[in-house]
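Undergrad: Supplied in structure tokens, the structure appears directly below.
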Amino acid sequence: METEADTPAVVETSIETSVAKSVEKIPAAAASPVIVAAIIVALSILLTSWIGARTHVVQFDKPYQAVLLSNGQVYYGRLDGYGTDHPVLREVYYIQSNVNPQTHEQSNVLTRRGKEWHGPDRMYLNPSQILLVEPVGADSKVADLIKDLKAQN
């Protein structure tokens, strides 16, 4: 005859057996589509973020741009590669301010870079230092001064 002490052991054994059987019933192939779907979703998210993060070169409709840098300096020139990690400003001009010591009158002169001792012909800009870029209008004072400087050289 069975005693009550033997009954819990039978119950525990039957629970362990049913759990083992239910684990055995899940085929390994059923987990495979879930893993494949998770990989496809992860790759889709990565591809979408990569496409969104790609840089796009901005094309300008005017030949010259005014570039304001974070240090307050403004340069004028032909900006190439704006929107990339390596924008380049070519044919660079800047405004040089002079003060007459006698009259204290200030005059501003547009100067072309390249007359310095190292003779730079372009500026490689740090894109994080560019605050804004504006087109230089064809009939603006800056455009007229650039034309005058080019005619002198």
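Order determines the names: the first chain of the structure tokens is A, the second B, and so forth; residues in each chain are numbered 1 upward, and ligands are numbered 1 upward as they are shown.
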For range 57-65 of chain A, please output as a list in words all residues within 7 Å (counting only C-alpha atoms; exclusion window: fewer than 4 positions along the same chain).
TA: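 In the requested form, the answer reads Tyr76, Gly77, Arg78, Leu79, Gly81, Tyr82, Gly83, Thr84, Val133, Glu134, Pro135 and Val136 of chain A.
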Undergrad: May I have the residues from that selection written out with N, CA and C atoms, as a PDB file, in the first residue's frame?
TA:
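again.pdb, written as the output of this step:
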ATOM      1  N   TYR A  76      34.327  85.184 -47.761  1.00  0.00           N
ATOM      2  CA  TYR A  76      33.567  85.113 -49.011  1.00  0.00           C
ATOM      3  C   TYR A  76      34.384  84.270 -49.976  1.00  0.00           C
ATOM      4  N   GLY A  77      33.707  83.459 -50.749  1.00  0.00           N
ATOM      5  CA  GLY A  77      34.416  82.649 -51.733  1.00  0.00           C
ATOM      6  C   GLY A  77      33.496  81.615 -52.344  1.00  0.00           C
ATOM      7  N   ARG A  78      34.137  80.699 -53.052  1.00  0.00           N
ATOM      8  CA  ARG A  78      33.407  79.593 -53.698  1.00  0.00           C
ATOM      9  C   ARG A  78      33.455  78.386 -52.755  1.00  0.00           C
ATOM     10  N   LEU A  79      32.316  78.042 -52.205  1.00  0.00           N
ATOM     11  CA  LEU A  79      32.246  76.968 -51.215  1.00  0.00           C
ATOM     12  C   LEU A  79      31.908  75.653 -51.899  1.00  0.00           C
ATOM     13  N   GLY A  81      31.681  71.339 -51.353  1.00  0.00           N
ATOM     14  CA  GLY A  81      31.576  70.276 -50.356  1.00  0.00           C
ATOM     15  C   GLY A  81      30.804  70.656 -49.116  1.00  0.00           C
ATOM     16  N   TYR A  82      29.982  71.692 -49.201  1.00  0.00           N
ATOM     17  CA  TYR A  82      29.174  72.061 -48.034  1.00  0.00           C
ATOM     18  C   TYR A  82      28.133  70.966 -47.805  1.00  0.00           C
ATOM     19  N   GLY A  83      28.035  70.508 -46.578  1.00  0.00           N
ATOM     20  CA  GLY A  83      27.154  69.387 -46.248  1.00  0.00           C
ATOM     21  C   GLY A  83      27.939  68.097 -46.065  1.00  0.00           C
ATOM     22  N   THR A  84      29.250  68.151 -46.325  1.00  0.00           N
ATOM     23  CA  THR A  84      30.102  66.983 -46.110  1.00  0.00           C
ATOM     24  C   THR A  84      30.994  67.250 -44.896  1.00  0.00           C
ATOM     25  N   VAL A 133      25.650  79.938 -44.074  1.00  0.00           N
ATOM     26  CA  VAL A 133      26.163  80.198 -45.408  1.00  0.00           C
ATOM     27  C   VAL A 133      25.073  80.930 -46.165  1.00  0.00           C
ATOM     28  N   GLU A 134      25.461  82.031 -46.811  1.00  0.00           N
ATOM     29  CA  GLU A 134      24.506  82.804 -47.606  1.00  0.00           C
ATOM     30  C   GLU A 134      25.092  83.058 -48.985  1.00  0.00           C
ATOM     31  N   PRO A 135      24.243  83.103 -49.988  1.00  0.00           N
ATOM     32  CA  PRO A 135      24.758  83.431 -51.321  1.00  0.00           C
ATOM     33  C   PRO A 135      25.104  84.915 -51.420  1.00  0.00           C
ATOM     34  N   VAL A 136      26.132  85.210 -52.186  1.00  0.00           N
ATOM     35  CA  VAL A 136      26.490  86.595 -52.473  1.00  0.00           C
ATOM     36  C   VAL A 136      25.772  86.957 -53.765  1.00  0.00           C
TER      37      VAL A 136
END
Undergrad: Using only C-alpha atoms, determine which residues lie at most 7 Å from range 106-113 of chain A, disregarding the query and same-chain residues fewer than 6 positions distant; provide the list as a ChimeraX atom specification.
TA: /A:92-100,120,145
Undergrad: Would you mind exporting the chosen residues as a PDB file, in the first residue's frame, restricted to C-alpha atoms?
TA:
ATOM      1  CA  VAL A  92      38.741  83.357 -50.478  1.00  0.00           C
ATOM      2  CA  TYR A  93      38.101  87.009 -49.601  1.00  0.00           C
ATOM      3  CA  TYR A  94      37.641  88.740 -46.274  1.00  0.00           C
ATOM      4  CA  ILE A  95      37.029  92.270 -45.064  1.00  0.00           C
ATOM      5  CA  GLN A  96      39.982  94.043 -43.515  1.00  0.00           C
ATOM      6  CA  SER A  97      39.116  97.031 -41.346  1.00  0.00           C
ATOM      7  CA  ASN A  98      41.526  99.945 -41.056  1.00  0.00           C
ATOM      8  CA  VAL A  99      41.227 102.917 -38.712  1.00  0.00           C
ATOM      9  CA  ASN A 100      42.774 106.256 -39.578  1.00  0.00           C
ATOM     10  CA  PRO A 120      47.030  79.879 -49.287  1.00  0.00           C
ATOM     11  CA  LEU A 145      34.405  94.431 -55.118  1.00  0.00           C
TER      12      LEU A 145
END
Undergrad: Rounded to one decimal, what separation in Å do you get between CA of Pro127 in chain A and CA of His86 in chain A?
TA: 6.9 Å
Undergrad: Can you list every residue in range 40-117 of chain A that DSSP puts in strand (DSSP E), as an NGL selection string?
TA: :A and (65-69 or 74-80 or 88-99 or 106-112)
Undergrad: What would the file look like if the residues just selected were written as an mmCIF file, in the first residue's frame with C-alpha atoms?
TA:
data_model
loop_
_atom_site.group_PDB
_atom_site.id
_atom_site.type_symbol
_atom_site.label_atom_id
_atom_site.label_comp_id
_atom_site.auth_asym_id
_atom_site.auth_seq_id
_atom_site.Cartn_x
_atom_site.Cartn_y
_atom_site.Cartn_z
ATOM 1 C CA GLN A 65 28.983 82.477 -50.753
ATOM 2 C CA ALA A 66 29.397 84.334 -47.475
ATOM 3 C CA VAL A 67 30.483 81.934 -44.720
ATOM 4 C CA LEU A 68 30.071 82.963 -41.080
ATOM 5 C CA LEU A 69 32.225 80.986 -38.676
ATOM 6 C CA VAL A 74 33.114 86.118 -42.298
ATOM 7 C CA TYR A 75 34.783 84.822 -45.431
ATOM 8 C CA TYR A 76 33.567 85.113 -49.011
ATOM 9 C CA GLY A 77 34.416 82.649 -51.733
ATOM 10 C CA ARG A 78 33.407 79.593 -53.698
ATOM 11 C CA LEU A 79 32.246 76.968 -51.215
ATOM 12 C CA ASP A 80 32.606 73.354 -52.318
ATOM 13 C CA VAL A 88 36.504 73.808 -48.903
ATOM 14 C CA LEU A 89 36.359 77.545 -49.551
ATOM 15 C CA ARG A 90 38.242 78.571 -52.683
ATOM 16 C CA GLU A 91 39.052 82.025 -54.015
ATOM 17 C CA VAL A 92 38.741 83.357 -50.478
ATOM 18 C CA TYR A 93 38.101 87.009 -49.601
ATOM 19 C CA TYR A 94 37.641 88.740 -46.274
ATOM 20 C CA ILE A 95 37.029 92.270 -45.064
ATOM 21 C CA GLN A 96 39.982 94.043 -43.515
ATOM 22 C CA SER A 97 39.116 97.031 -41.346
ATOM 23 C CA ASN A 98 41.526 99.945 -41.056
ATOM 24 C CA VAL A 99 41.227 102.917 -38.712
ATOM 25 C CA GLN A 106 37.158 103.304 -40.153
ATOM 26 C CA SER A 107 37.466 101.990 -43.694
ATOM 27 C CA ASN A 108 36.696 98.476 -44.812
ATOM 28 C CA VAL A 109 38.636 96.874 -47.654
ATOM 29 C CA LEU A 110 37.878 93.547 -49.295
ATOM 30 C CA THR A 111 41.128 91.540 -49.395
ATOM 31 C CA ARG A 112 41.865 88.323 -51.199
#
Undergrad: Go through A:Leu46, A:Ile130, A:Ala138, A:Ile40 one by one, measure the shortest atom-to-atom distance of each to Gln73 in chain A using only C-alpha atoms, and give the residue with the smallest value.
TA: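 Using only C-alpha atoms, Gln73 in chain A sits closest to A:Ile130.
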Undergrad: State, in Å with one decimal place, the distance from CA of Gln152 in chain A to CA of Gly137 in chain A.
TA: 21.0 Å
